[in-house]
$ cat start-v1.cif   # mmCIF, C-alpha atoms
data_entry
loop_
_atom_site.label_atom_id
_atom_site.label_comp_id
_atom_site.auth_asym_id
_atom_site.auth_seq_id
_atom_site.Cartn_x
_atom_site.Cartn_y
_atom_site.Cartn_z
CA ASP A 38 81.43 -113.21 -110.49
CA VAL A 39 84.55 -115.26 -111.02
CA SER A 40 85.76 -118.45 -109.33
CA ALA A 41 88.86 -120.39 -110.32
CA ASP A 42 91.99 -122.11 -109.09
CA GLY A 43 94.40 -120.41 -111.47
CA ALA A 44 95.24 -117.22 -113.26
CA GLU A 45 94.24 -116.35 -116.81
CA ASN A 46 94.99 -119.07 -119.33
CA THR A 47 92.44 -118.83 -122.18
CA GLY A 48 89.93 -116.39 -123.60
CA GLU A 49 90.07 -112.64 -123.81
CA ASP A 50 92.68 -110.52 -122.07
CA VAL A 51 91.65 -110.07 -118.43
CA ALA A 52 92.60 -106.38 -118.34
CA GLU A 53 90.46 -105.59 -121.38
CA VAL A 54 87.43 -107.43 -120.02
CA ARG A 55 87.85 -105.76 -116.61
CA ASP A 56 88.11 -102.33 -118.25
CA ARG A 57 84.90 -102.97 -120.21
CA ALA A 58 83.15 -104.08 -117.02
CA ILE A 59 84.25 -100.92 -115.21
CA ALA A 60 83.09 -98.74 -118.11
CA ALA A 61 79.70 -100.47 -118.04
CA GLY A 62 79.37 -100.02 -114.27
CA VAL A 63 79.67 -103.75 -113.59
CA VAL A 64 81.12 -104.85 -110.26
CA ILE A 65 83.16 -108.07 -110.34
CA ASN A 66 83.63 -110.10 -107.17
CA ALA A 67 85.99 -113.07 -107.10
CA LEU A 68 86.49 -116.36 -105.33
CA PRO A 69 90.02 -117.60 -105.99
CA ILE A 70 90.79 -121.15 -104.88
CA VAL A 71 94.34 -121.18 -103.55
CA THR A 72 96.16 -124.45 -104.25
CA PRO A 73 99.79 -125.56 -104.01
CA GLU A 74 99.91 -125.40 -107.82
CA ASP A 75 99.02 -121.68 -107.84
CA PRO A 76 99.55 -120.05 -104.42
CA GLY A 77 99.49 -116.55 -105.96
CA VAL A 78 96.02 -116.83 -107.48
CA ALA A 79 94.36 -114.71 -104.77
CA GLU A 80 96.67 -111.76 -105.43
CA PHE A 81 96.10 -112.12 -109.19
CA TYR A 82 92.34 -111.86 -108.69
CA ARG A 83 92.65 -108.90 -106.31
CA ALA A 84 94.94 -107.02 -108.68
CA GLN A 85 93.66 -108.05 -112.11
CA VAL A 86 90.02 -109.18 -111.88
CA VAL A 87 88.04 -107.49 -109.09
CA THR A 88 86.64 -104.11 -110.08
CA PRO A 89 86.26 -101.05 -107.82
CA GLY A 90 83.53 -101.81 -105.31
CA GLY A 91 84.10 -105.54 -105.69
CA PHE A 92 85.65 -107.95 -103.23
CA THR A 93 87.50 -111.23 -102.98
CA VAL A 94 86.64 -114.19 -100.76
CA ILE A 95 89.46 -116.74 -100.72
CA ALA A 96 89.00 -120.51 -100.59
CA GLU A 97 92.05 -122.17 -99.05
CA GLY A 98 91.93 -125.22 -101.32
CA TRP A 99 88.99 -127.14 -102.77
CA ALA A 100 87.95 -128.45 -99.36
CA ASP A 101 87.25 -124.84 -98.31
CA PHE A 102 85.17 -123.98 -101.41
CA ALA A 103 81.75 -124.63 -99.82
CA ARG A 104 82.52 -122.27 -96.93
CA ALA A 105 83.93 -119.60 -99.24
CA ILE A 106 81.07 -119.66 -101.77
CA THR A 107 78.53 -119.50 -98.95
CA ARG A 108 80.34 -116.49 -97.47
CA LYS A 109 80.57 -114.79 -100.88
CA LEU A 110 76.87 -115.31 -101.64
CA VAL A 111 75.82 -114.03 -98.20
CA LEU A 112 77.93 -110.90 -98.68
CA GLU A 113 76.52 -110.33 -102.16
CA LEU A 114 72.93 -110.80 -101.01
CA ALA A 115 73.55 -108.45 -98.07
CA ASP A 116 75.26 -106.00 -100.46
CA ALA A 117 78.24 -105.91 -98.11
CA ALA A 118 81.97 -106.42 -98.38
CA PRO A 119 84.13 -108.58 -96.15
CA VAL A 120 86.34 -107.00 -93.53
CA PRO A 121 89.96 -107.45 -94.66
CA ARG A 122 92.03 -109.89 -92.61
#
$ encode --input "start-v1.cif" --output "C-alpha coordinates"
Amino acid sequence: DVSADGAENTGEDVAEVRDRAIAAGVVINALPIVTPEDPGVAEFYRAQVVTPGGFTVIAEGWADFARAITRKLVLELADAAPVPR
(Lines of atoms letter the chains of each structure in order from A and count residues from 1; the text may use other names and numbers.)
(Lines give C-alpha, C1' and ligand atoms only; values in the text may rest on other atoms or scores of the structure.)
Protein backbone atom coordinates (compact mmCIF):
# COMPACT_ATOMS: atom_id res chain seq x y z
CA ASP A 1 0.00 0.00 0.00
CA VAL A 2 1.21 3.46 -0.86
CA SER A 3 0.02 6.88 0.30
CA ALA A 4 1.67 10.18 -0.60
CA ASP A 5 1.12 13.72 -1.81
CA GLY A 6 3.70 13.65 -4.58
CA ALA A 7 5.32 11.56 -7.25
CA GLU A 8 8.57 9.65 -6.89
CA ASN A 9 11.40 11.69 -5.44
CA THR A 10 13.77 9.33 -3.56
CA GLY A 11 14.55 5.65 -3.28
CA GLU A 12 14.45 2.96 -5.91
CA ASP A 13 12.97 3.44 -9.36
CA VAL A 14 9.19 3.06 -9.14
CA ALA A 15 8.94 1.01 -12.33
CA GLU A 16 11.51 -1.51 -11.11
CA VAL A 17 9.83 -1.92 -7.73
CA ARG A 18 6.41 -2.28 -9.38
CA ASP A 19 7.76 -4.90 -11.78
CA ARG A 20 9.22 -6.89 -8.88
CA ALA A 21 5.90 -6.68 -7.04
CA ILE A 22 4.02 -7.95 -10.10
CA ALA A 23 6.50 -10.81 -10.54
CA ALA A 24 6.02 -11.77 -6.89
CA GLY A 25 2.22 -11.66 -7.17
CA VAL A 26 1.93 -8.62 -4.91
CA VAL A 27 -1.00 -6.27 -5.44
CA ILE A 28 -0.32 -2.59 -4.75
CA ASN A 29 -3.18 -0.24 -3.92
CA ALA A 30 -2.61 3.49 -3.65
CA LEU A 31 -3.97 6.54 -1.89
CA PRO A 32 -2.64 9.66 -3.60
CA ILE A 33 -3.29 12.95 -1.84
CA VAL A 34 -4.03 15.56 -4.50
CA THR A 35 -2.75 19.02 -3.58
CA PRO A 36 -2.30 22.27 -5.51
CA GLU A 37 1.45 21.57 -5.48
CA ASP A 38 1.00 18.26 -7.34
CA PRO A 39 -2.42 18.01 -9.03
CA GLY A 40 -1.22 15.14 -11.26
CA VAL A 41 -0.27 12.79 -8.44
CA ALA A 42 -3.39 10.62 -8.82
CA GLU A 43 -2.62 9.88 -12.47
CA PHE A 44 1.01 9.11 -11.58
CA TYR A 45 -0.11 6.53 -9.03
CA ARG A 46 -2.66 4.98 -11.40
CA ALA A 47 -0.12 4.70 -14.21
CA GLN A 48 3.13 4.01 -12.36
CA VAL A 49 2.41 2.48 -8.94
CA VAL A 50 -0.80 0.42 -8.80
CA THR A 51 -0.36 -3.15 -10.00
CA PRO A 52 -2.90 -5.24 -11.93
CA GLY A 53 -5.75 -6.05 -9.57
CA GLY A 54 -4.96 -3.01 -7.44
CA PHE A 55 -6.91 0.20 -7.10
CA THR A 56 -6.57 3.87 -6.25
CA VAL A 57 -8.63 5.85 -3.75
CA ILE A 58 -7.98 9.58 -4.10
CA ALA A 59 -7.86 12.06 -1.22
CA GLU A 60 -8.73 15.54 -2.43
CA GLY A 61 -6.26 17.30 -0.14
CA TRP A 62 -5.14 16.52 3.41
CA ALA A 63 -8.54 17.38 4.85
CA ASP A 64 -10.00 14.46 2.86
CA PHE A 65 -7.38 11.93 3.99
CA ALA A 66 -9.43 10.41 6.84
CA ARG A 67 -12.36 9.70 4.51
CA ALA A 68 -10.09 8.28 1.81
CA ILE A 69 -8.06 6.00 4.10
CA THR A 70 -11.26 4.70 5.68
CA ARG A 71 -12.69 3.95 2.23
CA LYS A 72 -9.44 2.26 1.11
CA LEU A 73 -9.26 0.07 4.23
CA VAL A 74 -12.92 -0.96 3.93
CA LEU A 75 -12.37 -1.94 0.29
CA GLU A 76 -9.24 -3.90 1.15
CA LEU A 77 -10.91 -5.72 4.03
CA ALA A 78 -13.91 -6.51 1.81
CA ASP A 79 -11.49 -7.59 -0.96
CA ALA A 80 -13.32 -5.28 -3.35
CA ALA A 81 -12.41 -2.50 -5.73
CA PRO A 82 -14.06 0.90 -5.99
CA VAL A 83 -16.41 1.65 -8.84
CA PRO A 84 -14.68 4.18 -11.12
CA ARG A 85 -16.14 7.68 -11.11
$ atom_distance --input "start-v1.cif" --atom1 "atom CA of A:Ala115" --atom2 "atom CA of A:Ile95"
18.1 Å
$ resolve_selection --input "start-v1.cif" --expression "the PyMOL selection byres ((chain A and resi 80) around 10)" --output "ChimeraX atom specification"
/A:44,69,71,76-79,81-86,93,95
$ resolve_selection --input "start-v1.cif" --expression "the PyMOL selection byres ((chain A and resi 88) around 8)" --output "short mmCIF file (atom, residue, chain, number, x, y, z; two decimals) with C-alpha atoms, in the frame of the given file"
data_model
loop_
_atom_site.label_atom_id
_atom_site.label_comp_id
_atom_site.auth_asym_id
_atom_site.auth_seq_id
_atom_site.Cartn_x
_atom_site.Cartn_y
_atom_site.Cartn_z
CA ARG A 55 87.85 -105.76 -116.61
CA ALA A 58 83.15 -104.08 -117.02
CA ILE A 59 84.25 -100.92 -115.21
CA VAL A 63 79.67 -103.75 -113.59
CA VAL A 64 81.12 -104.85 -110.26
CA ILE A 65 83.16 -108.07 -110.34
CA ASN A 66 83.63 -110.10 -107.17
CA VAL A 86 90.02 -109.18 -111.88
CA VAL A 87 88.04 -107.49 -109.09
CA PRO A 89 86.26 -101.05 -107.82
CA GLY A 90 83.53 -101.81 -105.31
CA GLY A 91 84.10 -105.54 -105.69
CA PHE A 92 85.65 -107.95 -103.23
#
$ atom_distance --input "start-v1.cif" --atom1 "atom CA of A:Asp42" --atom2 "atom CA of A:Arg108"
17.4 Å
$ resolve_selection --input "start-v1.cif" --expression "the PyMOL selection byres ((chain A and resi 72) around 8)" --output "JSON list (two decimals) with C-alpha atoms, in the frame of the given file"
[["chain", "number", "residue", "atom", "x", "y", "z"],
["A", 42, "ASP", "CA", 91.99, -122.11, -109.09],
["A", 70, "ILE", "CA", 90.79, -121.15, -104.88],
["A", 71, "VAL", "CA", 94.34, -121.18, -103.55],
["A", 73, "PRO", "CA", 99.79, -125.56, -104.01],
["A", 74, "GLU", "CA", 99.91, -125.40, -107.82],
["A", 75, "ASP", "CA", 99.02, -121.68, -107.84],
["A", 76, "PRO", "CA", 99.55, -120.05, -104.42],
["A", 97, "GLU", "CA", 92.05, -122.17, -99.05],
["A", 98, "GLY", "CA", 91.93, -125.22, -101.32],
["A", 99, "TRP", "CA", 88.99, -127.14, -102.77]]
$ atom_distance --input "start-v1.cif" --atom1 "atom CA of A:Ala96" --atom2 "atom CA of A:Asp116"
20.0 Å
$ axis_aligned_box --input "start-v1.cif" --around "stretch 101-120 of chain A" --padding-each-side "6 Å" --output "AutoDock Vina command-line options"
--center_x 80.1 --center_y -115.4 --center_z -97.8 --size_x 26.3 --size_y 30.9 --size_z 20.6
$ closest_residue --input "start-v1.cif" --among "A:Ala41, A:Thr47, A:Glu53, A:Ala61" --to "A:Ile106" --atoms "only C-alpha atoms"
A:Ala41
